[in-house]
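Peer 1: Handing over input.txt, compact mmCIF, C-alpha atoms.
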```
# COMPACT_ATOMS: atom_id res chain seq x y z
CA ASP A 1067 13.41 65.66 -37.15
CA GLN A 1068 9.89 66.48 -36.00
CA GLN A 1069 9.88 70.13 -34.89
CA VAL A 1070 6.19 70.08 -33.99
CA LYS A 1071 5.11 67.11 -31.92
CA GLN A 1072 1.73 65.80 -30.88
CA ASN A 1073 2.62 62.96 -28.57
CA SER A 1074 -0.91 61.64 -28.07
CA PRO A 1075 -2.11 59.91 -31.22
CA SER A 1076 -5.61 59.57 -29.77
CA LEU A 1077 -7.88 60.93 -27.05
CA SER A 1078 -11.30 59.83 -25.91
CA VAL A 1079 -13.62 62.18 -23.97
CA GLN A 1080 -17.23 62.05 -22.86
CA GLU A 1081 -19.73 64.46 -24.34
CA GLY A 1082 -20.02 67.63 -22.29
CA ARG A 1083 -16.56 67.30 -20.75
CA ILE A 1084 -13.41 69.21 -21.60
CA SER A 1085 -11.05 67.98 -24.33
CA ILE A 1086 -7.42 69.04 -24.05
CA LEU A 1087 -5.14 68.46 -26.99
CA ASN A 1088 -1.44 69.12 -26.58
CA CYS A 1089 1.35 70.18 -28.90
CA ASP A 1090 5.06 70.69 -28.24
CA TYR A 1091 7.59 72.41 -30.46
CA THR A 1092 11.35 72.57 -30.50
CA ASN A 1093 12.16 75.68 -32.55
CA SER A 1094 12.02 78.94 -30.61
CA MET A 1095 11.80 80.84 -33.90
CA PHE A 1096 8.17 79.78 -34.41
CA ASP A 1097 6.06 82.91 -33.99
CA TYR A 1098 2.54 81.87 -34.99
CA PHE A 1099 0.58 78.73 -34.25
CA LEU A 1100 -2.58 77.26 -35.74
CA TRP A 1101 -4.91 74.36 -35.10
CA TYR A 1102 -6.61 72.52 -37.93
CA LYS A 1103 -9.40 69.98 -37.73
CA LYS A 1104 -9.79 67.10 -40.17
CA TYR A 1105 -12.76 64.83 -40.80
CA PRO A 1106 -12.33 61.53 -42.69
CA ALA A 1107 -12.13 61.89 -46.48
CA GLU A 1108 -11.87 65.68 -46.19
CA GLY A 1109 -9.01 68.14 -46.12
CA PRO A 1110 -7.98 69.89 -42.88
CA THR A 1111 -9.88 73.08 -42.04
CA PHE A 1112 -8.61 75.99 -39.99
CA LEU A 1113 -9.91 76.14 -36.44
CA ILE A 1114 -8.09 78.72 -34.34
CA SER A 1115 -4.70 80.41 -34.13
CA ILE A 1116 -2.46 82.35 -31.75
CA SER A 1117 0.44 84.71 -32.13
CA SER A 1118 3.54 84.22 -29.99
CA ILE A 1119 2.95 87.62 -28.39
CA LYS A 1120 -0.19 86.25 -26.73
CA ASP A 1121 -0.74 83.44 -24.29
CA LYS A 1122 -4.42 82.78 -24.92
CA ASN A 1123 -6.96 83.07 -27.70
CA GLU A 1124 -10.60 82.11 -27.41
CA ASP A 1125 -13.28 81.47 -30.01
CA GLY A 1126 -16.52 80.10 -28.67
CA ARG A 1127 -15.97 76.62 -27.27
CA PHE A 1128 -12.35 76.60 -28.43
CA THR A 1129 -9.42 78.14 -26.54
CA VAL A 1130 -5.75 77.88 -27.40
CA PHE A 1131 -3.11 78.43 -24.73
CA LEU A 1132 0.54 79.13 -25.46
CA ASN A 1133 3.39 78.63 -22.99
CA LYS A 1134 6.48 79.94 -24.75
CA SER A 1135 8.92 79.09 -22.00
CA ALA A 1136 7.82 75.45 -22.16
CA LYS A 1137 7.42 75.52 -25.96
CA HIS A 1138 3.98 74.08 -25.47
CA LEU A 1139 0.51 74.87 -26.67
CA SER A 1140 -2.82 73.29 -25.98
CA LEU A 1141 -6.30 73.37 -27.44
CA HIS A 1142 -9.22 73.23 -25.04
CA ILE A 1143 -12.70 72.33 -26.23
CA VAL A 1144 -15.49 73.00 -23.72
CA PRO A 1145 -18.01 71.45 -23.75
CA SER A 1146 -17.02 68.65 -26.11
CA GLN A 1147 -19.64 67.51 -28.63
CA PRO A 1148 -19.85 64.37 -30.78
CA GLY A 1149 -19.32 66.52 -33.88
CA ASP A 1150 -15.90 67.46 -32.53
CA SER A 1151 -14.68 63.92 -33.21
CA ALA A 1152 -11.92 64.43 -35.76
CA VAL A 1153 -8.15 64.55 -36.16
CA TYR A 1154 -6.61 67.76 -34.85
CA PHE A 1155 -3.34 69.05 -36.26
CA CYS A 1156 -1.13 71.62 -34.64
CA ALA A 1157 0.92 73.82 -37.01
CA ALA A 1158 3.59 76.47 -36.58
CA LYS A 1159 5.11 79.24 -38.68
CA LEU A 1160 8.75 80.32 -38.54
CA THR A 1161 9.73 83.95 -38.13
CA GLY A 1162 10.78 85.08 -41.59
CA GLY A 1163 9.64 81.78 -43.02
CA GLY A 1164 7.05 83.29 -45.33
CA ASN A 1165 3.74 81.50 -45.12
CA LYS A 1166 5.18 77.99 -44.82
CA LEU A 1167 3.69 75.91 -41.99
CA THR A 1168 5.17 72.95 -40.12
CA PHE A 1169 2.53 70.46 -39.00
CA GLY A 1170 2.45 67.87 -36.24
CA THR A 1171 1.35 64.26 -36.64
CA GLY A 1172 -2.18 64.86 -35.39
CA THR A 1173 -4.36 63.66 -32.51
CA GLN A 1174 -7.53 61.67 -33.14
CA LEU A 1175 -10.26 62.96 -30.79
CA LYS A 1176 -13.28 60.80 -30.13
CA VAL A 1177 -16.16 62.34 -28.19
CA GLU A 1178 -18.41 59.63 -26.83
CA LEU A 1179 -22.07 59.93 -25.87
CA ASP B 302 -17.28 79.95 -54.09
CA ALA B 303 -15.52 76.70 -55.00
CA GLY B 304 -12.81 75.50 -52.68
CA VAL B 305 -9.54 73.87 -53.68
CA ILE B 306 -10.20 71.15 -56.24
CA GLN B 307 -8.06 68.04 -56.49
CA SER B 308 -8.18 65.18 -58.95
CA PRO B 309 -8.31 62.29 -58.93
CA ARG B 310 -9.73 61.59 -55.47
CA HIS B 311 -8.36 58.05 -55.55
CA GLU B 312 -5.53 56.58 -57.58
CA VAL B 313 -4.39 52.99 -57.62
CA THR B 314 -1.35 52.20 -59.72
CA GLU B 315 1.37 49.64 -60.06
CA MET B 316 4.94 50.17 -58.97
CA GLY B 317 6.98 51.81 -61.69
CA GLN B 318 4.10 53.69 -63.25
CA GLU B 319 3.91 57.45 -63.56
CA VAL B 320 1.34 59.21 -61.39
CA THR B 321 0.07 62.77 -61.88
CA LEU B 322 -1.98 64.55 -59.23
CA ARG B 323 -3.80 67.75 -60.10
CA CYS B 324 -4.86 70.81 -58.15
CA LYS B 325 -6.91 73.91 -58.86
CA PRO B 326 -6.44 76.52 -56.12
CA ILE B 327 -9.08 78.98 -54.95
CA SER B 328 -9.37 81.85 -57.39
CA GLY B 329 -7.36 84.86 -56.23
CA HIS B 330 -5.05 82.87 -53.99
CA ASN B 331 -1.40 83.39 -54.84
CA SER B 332 0.24 80.68 -52.73
CA LEU B 333 -0.09 76.95 -53.35
CA PHE B 334 1.17 74.09 -51.20
CA TRP B 335 1.53 70.33 -51.75
CA TYR B 336 1.46 68.10 -48.65
CA ARG B 337 1.68 64.38 -48.02
CA GLN B 338 -0.08 62.80 -45.05
CA THR B 339 1.19 59.60 -43.45
CA MET B 340 0.55 58.10 -40.03
CA MET B 341 4.19 58.31 -39.03
CA ARG B 342 4.98 61.84 -40.16
CA GLY B 343 1.62 63.58 -40.19
CA LEU B 344 1.30 66.36 -42.74
CA GLU B 345 4.61 66.96 -44.53
CA LEU B 346 5.08 69.95 -46.80
CA LEU B 347 6.54 68.81 -50.10
CA ILE B 348 6.74 72.09 -52.03
CA TYR B 349 5.10 75.48 -52.17
CA PHE B 350 4.69 78.17 -54.79
CA ASN B 351 4.18 81.93 -54.54
CA ASN B 352 2.80 83.58 -57.67
CA ASN B 353 3.46 80.37 -59.64
CA VAL B 354 7.14 80.32 -58.66
CA PRO B 355 8.50 77.43 -56.55
CA ILE B 356 9.78 78.89 -53.28
CA ASP B 357 10.72 75.88 -51.17
CA ASP B 358 10.99 72.32 -52.46
CA SER B 359 13.11 71.01 -49.60
CA GLY B 360 10.37 68.57 -48.64
CA MET B 361 10.31 66.79 -52.00
CA PRO B 362 11.56 63.32 -51.02
CA GLU B 363 13.62 62.51 -54.10
CA ASP B 364 14.09 63.17 -57.77
CA ARG B 365 11.16 60.92 -58.57
CA PHE B 366 8.89 63.74 -57.40
CA SER B 367 8.33 66.90 -59.41
CA ALA B 368 5.79 69.72 -59.25
CA LYS B 369 4.78 72.43 -61.67
CA MET B 370 2.51 75.43 -61.63
CA PRO B 371 2.14 76.63 -65.21
CA ASN B 372 -0.45 79.28 -64.28
CA ALA B 373 -2.33 80.69 -61.30
CA SER B 374 -5.18 78.20 -61.56
CA PHE B 375 -3.42 74.87 -62.00
CA SER B 376 -0.67 72.77 -60.45
CA THR B 377 0.52 69.19 -60.83
CA LEU B 378 2.52 66.83 -58.66
CA LYS B 379 4.15 64.00 -60.58
CA ILE B 380 5.78 60.83 -59.29
CA GLN B 381 7.83 58.88 -61.81
CA PRO B 382 8.45 56.04 -61.22
CA SER B 383 6.07 55.39 -58.34
CA GLU B 384 6.95 53.03 -55.47
CA PRO B 385 4.80 51.36 -52.79
CA ARG B 386 6.25 53.68 -50.12
CA ASP B 387 4.69 56.62 -51.96
CA SER B 388 1.26 55.39 -50.88
CA ALA B 389 -0.30 58.20 -48.85
CA VAL B 390 -2.90 60.95 -49.03
CA TYR B 391 -1.68 63.99 -50.94
CA PHE B 392 -3.22 67.36 -50.20
CA CYS B 393 -3.09 70.61 -52.07
CA ALA B 394 -3.73 73.86 -50.21
CA SER B 395 -3.87 77.50 -51.23
CA SER B 396 -3.76 80.85 -49.46
CA THR B 397 -3.79 84.57 -50.12
CA GLY B 398 -0.32 84.85 -48.64
CA GLY B 399 -1.52 84.94 -45.04
CA TYR B 400 -0.99 82.18 -42.54
CA GLN B 401 -4.33 80.42 -42.99
CA GLN B 402 -4.31 77.77 -45.69
CA TYR B 403 -7.32 76.22 -47.39
CA PHE B 404 -7.01 72.54 -48.15
CA GLY B 405 -8.50 70.42 -50.90
CA PRO B 406 -10.13 67.04 -50.19
CA GLY B 407 -6.94 65.13 -50.98
CA THR B 408 -5.94 62.34 -53.35
CA ARG B 409 -5.51 58.90 -51.83
CA LEU B 410 -2.68 57.20 -53.72
CA THR B 411 -2.09 53.47 -53.51
CA VAL B 412 0.94 51.99 -55.26
CA THR B 413 0.92 48.20 -55.44
```
Would you give me this structure, written as structure tokens?

Peer 2:
Amino acid sequence: DQQVKQNSPSLSVQEGRISILNCDYTNSMFDYFLWYKKYPAEGPTFLISISSIKDKNEDGRFTVFLNKSAKHLSLHIVPSQPGDSAVYFCAAKLTGGGNKLTFGTGTQLKVEL
Amino acid sequence: DAGVIQSPRHEVTEMGQEVTLRCKPISGHNSLFWYRQTMMRGLELLIYFNNNVPIDDSGMPEDRFSAKMPNASFSTLKIQPSEPRDSAVYFCASSTGGYQQYFGPGTRLTVT
């Protein structure tokens, strides 16, 4: 049973436009969320995170929004650049779950010139 | 500072053979995680260790899979016997106990 879902396996965006990647979760006991970025033949790298007590966190071109009532979070990239082309994974941590993370299936973002 | 090191980077083996994947975590990190990446299930946590002790192995698919961490700087994931459905990319990650994990480059396993 997939507790963290990324329903769009791929997304294509033009350079300079906004990219919006979505993530849904089913377990209301998740209290911390992270986004990871993965290039081919490399391991995922941490991008940005948000605690469940917040609804927004921003870091440069990257902003994560959390809607707890909808159990939904999104990653916004503005403006999108060709170097942002990668697979993006959403991950969540359970309250009292130590430092174990549950990952989604990933969304392949392609930023076109 | 070296990141997480995994070996081999690629492994091709025949069904029924034993496969051993190796991981060296970042020095000073006390948590180590083994993941498997597939298209259908994304990144699945197989097992994780805190201070060399296995904490949660509920993701280990079956008895054919085993993992050890004999010391703070080395871990292995073994599959015996291997099957074609084990073909995937296996990642090792480490952390200081916080939420952010640092991943190695992965081992691409192909079982024919």

Peer 1: Would you mind listing what lies within 9 Å of Asp364 (chain B) as a PyMOL selection string, with all atoms listed in the file counted and same-chain residues fewer than 2 positions away left out?

Peer 2: chain B and resi 361-362+366-367+380-381

Peer 1: Just the number, please: distance in Å from CA of Ser1094 (chain A) to CA of Lys1122 (chain A), one decimal.

Peer 2: 17.8 Å

Peer 1: Would you kindly return, as a PyMOL selection string, each protein, DNA or RNA residue with an atom no farther than 7 Å from any atom of region 384-394 of chain B, considering all atoms listed in the file and excluding same-chain residues fewer than 2 positions away?

Peer 2: chain B and resi 305+316-317+324+333-339+382+402-413

Peer 1: Fewer than 6 positions away in the same chain doesn't count, so skip those; otherwise give me all residues within 7 Å of Gln1069 (chain A), counting only C-alpha atoms, as a list in words.

Peer 2: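 Within the cut-off, the hits are Tyr1091, Thr1092 and Asn1093 of chain A.
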
Peer 1: Measuring between only C-alpha atoms, which one of A:Ile1119, A:Val1070, A:Leu1132, A:Ile1143 shows the shortest distance to chain B?

Peer 2: A:Val1070

Peer 1: Rounded to one decimal in Å, what is the spacing between CA of His1142 (chain A) and CA of Asn1088 (chain A)?

Peer 2: 8.9 Å

Peer 1: Could you check the closest approach to Asn1165 (chain A) for each of A:Ser1074, A:Cys1089, A:Phe1128, A:Asp1097 and tell me which residue wins, using all atoms listed in the file?

Peer 2: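 Between A:Ser1074, A:Cys1089, A:Phe1128, A:Asp1097, the residue approaching Asn1165 (chain A) most closely is A:Asp1097.
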
Peer 1: Place all heavy atoms on region 1087-1098 of chain A and deliver the coordinates as a JSON list (two decimals), in the frame of the given file.

Peer 2:
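For reference, result.json as written:
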```json
[["chain", "number", "residue", "atom", "x", "y", "z"],
["A", 1087, "LEU", "N", -6.10, 69.02, -26.04],
["A", 1087, "LEU", "CA", -5.14, 68.46, -26.99],
["A", 1087, "LEU", "C", -3.83, 69.23, -26.86],
["A", 1087, "LEU", "O", -3.83, 70.46, -26.80],
["A", 1087, "LEU", "CB", -5.68, 68.55, -28.42],
["A", 1087, "LEU", "CG", -6.94, 67.72, -28.67],
["A", 1087, "LEU", "CD1", -8.19, 68.57, -28.57],
["A", 1087, "LEU", "CD2", -6.86, 67.05, -30.02],
["A", 1088, "ASN", "N", -2.74, 68.51, -26.85],
["A", 1088, "ASN", "CA", -1.44, 69.12, -26.58],
["A", 1088, "ASN", "C", -0.51, 69.09, -27.78],
["A", 1088, "ASN", "O", -0.60, 68.20, -28.64],
["A", 1088, "ASN", "CB", -0.76, 68.39, -25.41],
["A", 1088, "ASN", "CG", -1.51, 68.59, -24.12],
["A", 1088, "ASN", "OD1", -1.74, 69.72, -23.69],
["A", 1088, "ASN", "ND2", -1.89, 67.49, -23.48],
["A", 1089, "CYS", "N", 0.40, 70.06, -27.80],
["A", 1089, "CYS", "CA", 1.35, 70.18, -28.90],
["A", 1089, "CYS", "C", 2.64, 70.77, -28.32],
["A", 1089, "CYS", "O", 2.59, 71.75, -27.57],
["A", 1089, "CYS", "CB", 0.76, 71.10, -29.97],
["A", 1089, "CYS", "SG", 1.83, 71.43, -31.38],
["A", 1090, "ASP", "N", 3.76, 70.18, -28.67],
["A", 1090, "ASP", "CA", 5.06, 70.69, -28.24],
["A", 1090, "ASP", "C", 5.89, 71.03, -29.47],
["A", 1090, "ASP", "O", 5.77, 70.37, -30.50],
["A", 1090, "ASP", "CB", 5.80, 69.64, -27.41],
["A", 1090, "ASP", "CG", 5.09, 69.34, -26.13],
["A", 1090, "ASP", "OD1", 5.01, 70.24, -25.27],
["A", 1090, "ASP", "OD2", 4.59, 68.20, -25.98],
["A", 1091, "TYR", "N", 6.73, 72.05, -29.35],
["A", 1091, "TYR", "CA", 7.59, 72.41, -30.46],
["A", 1091, "TYR", "C", 9.01, 72.61, -29.97],
["A", 1091, "TYR", "O", 9.26, 72.83, -28.79],
["A", 1091, "TYR", "CB", 7.06, 73.65, -31.20],
["A", 1091, "TYR", "CG", 6.95, 74.90, -30.36],
["A", 1091, "TYR", "CD1", 7.95, 75.85, -30.34],
["A", 1091, "TYR", "CD2", 5.80, 75.14, -29.60],
["A", 1091, "TYR", "CE1", 7.83, 77.01, -29.60],
["A", 1091, "TYR", "CE2", 5.67, 76.29, -28.84],
["A", 1091, "TYR", "CZ", 6.69, 77.23, -28.84],
["A", 1091, "TYR", "OH", 6.58, 78.37, -28.09],
["A", 1092, "THR", "N", 9.95, 72.49, -30.90],
["A", 1092, "THR", "CA", 11.35, 72.57, -30.50],
["A", 1092, "THR", "C", 12.03, 73.85, -30.96],
["A", 1092, "THR", "O", 13.06, 74.24, -30.40],
["A", 1092, "THR", "CB", 12.14, 71.37, -31.05],
["A", 1092, "THR", "OG1", 12.00, 71.34, -32.48],
["A", 1092, "THR", "CG2", 11.60, 70.06, -30.48],
["A", 1093, "ASN", "N", 11.49, 74.52, -31.96],
["A", 1093, "ASN", "CA", 12.16, 75.68, -32.55],
["A", 1093, "ASN", "C", 11.61, 76.97, -31.94],
["A", 1093, "ASN", "O", 10.44, 77.30, -32.12],
["A", 1093, "ASN", "CB", 11.94, 75.66, -34.07],
["A", 1093, "ASN", "CG", 12.88, 76.60, -34.79],
["A", 1093, "ASN", "OD1", 13.27, 77.63, -34.26],
["A", 1093, "ASN", "ND2", 13.22, 76.26, -36.01],
["A", 1094, "SER", "N", 12.46, 77.70, -31.26],
["A", 1094, "SER", "CA", 12.02, 78.94, -30.61],
["A", 1094, "SER", "C", 11.76, 80.07, -31.60],
["A", 1094, "SER", "O", 11.28, 81.13, -31.23],
["A", 1094, "SER", "CB", 13.07, 79.39, -29.59],
["A", 1094, "SER", "OG", 14.32, 79.59, -30.23],
["A", 1095, "MET", "N", 12.05, 79.83, -32.87],
["A", 1095, "MET", "CA", 11.80, 80.84, -33.90],
["A", 1095, "MET", "C", 10.38, 80.74, -34.48],
["A", 1095, "MET", "O", 10.02, 81.51, -35.36],
["A", 1095, "MET", "CB", 12.81, 80.70, -35.03],
["A", 1095, "MET", "CG", 14.25, 80.95, -34.60],
["A", 1095, "MET", "SD", 14.47, 82.59, -33.88],
["A", 1095, "MET", "CE", 14.28, 83.61, -35.33],
["A", 1096, "PHE", "N", 9.58, 79.81, -34.00],
["A", 1096, "PHE", "CA", 8.17, 79.78, -34.41],
["A", 1096, "PHE", "C", 7.47, 80.98, -33.76],
["A", 1096, "PHE", "O", 7.60, 81.20, -32.56],
["A", 1096, "PHE", "CB", 7.49, 78.49, -33.96],
["A", 1096, "PHE", "CG", 7.88, 77.28, -34.76],
["A", 1096, "PHE", "CD1", 8.17, 76.07, -34.13],
["A", 1096, "PHE", "CD2", 7.94, 77.30, -36.15],
["A", 1096, "PHE", "CE1", 8.52, 74.93, -34.85],
["A", 1096, "PHE", "CE2", 8.29, 76.17, -36.88],
["A", 1096, "PHE", "CZ", 8.59, 74.98, -36.22],
["A", 1097, "ASP", "N", 6.69, 81.73, -34.55],
["A", 1097, "ASP", "CA", 6.06, 82.91, -33.99],
["A", 1097, "ASP", "C", 4.54, 82.94, -34.17],
["A", 1097, "ASP", "O", 3.88, 83.92, -33.78],
["A", 1097, "ASP", "CB", 6.67, 84.19, -34.56],
["A", 1097, "ASP", "CG", 6.45, 84.32, -36.06],
["A", 1097, "ASP", "OD1", 5.85, 83.41, -36.66],
["A", 1097, "ASP", "OD2", 6.90, 85.33, -36.63],
["A", 1098, "TYR", "N", 4.00, 81.90, -34.78],
["A", 1098, "TYR", "CA", 2.54, 81.87, -34.99],
["A", 1098, "TYR", "C", 2.13, 80.41, -35.04],
["A", 1098, "TYR", "O", 2.82, 79.59, -35.67],
["A", 1098, "TYR", "CB", 2.19, 82.59, -36.30],
["A", 1098, "TYR", "CG", 0.75, 83.00, -36.42],
["A", 1098, "TYR", "CD1", 0.29, 84.17, -35.83],
["A", 1098, "TYR", "CD2", -0.15, 82.22, -37.13],
["A", 1098, "TYR", "CE1", -1.02, 84.56, -35.94],
["A", 1098, "TYR", "CE2", -1.48, 82.61, -37.25],
["A", 1098, "TYR", "CZ", -1.90, 83.78, -36.65],
["A", 1098, "TYR", "OH", -3.21, 84.17, -36.76]]
```
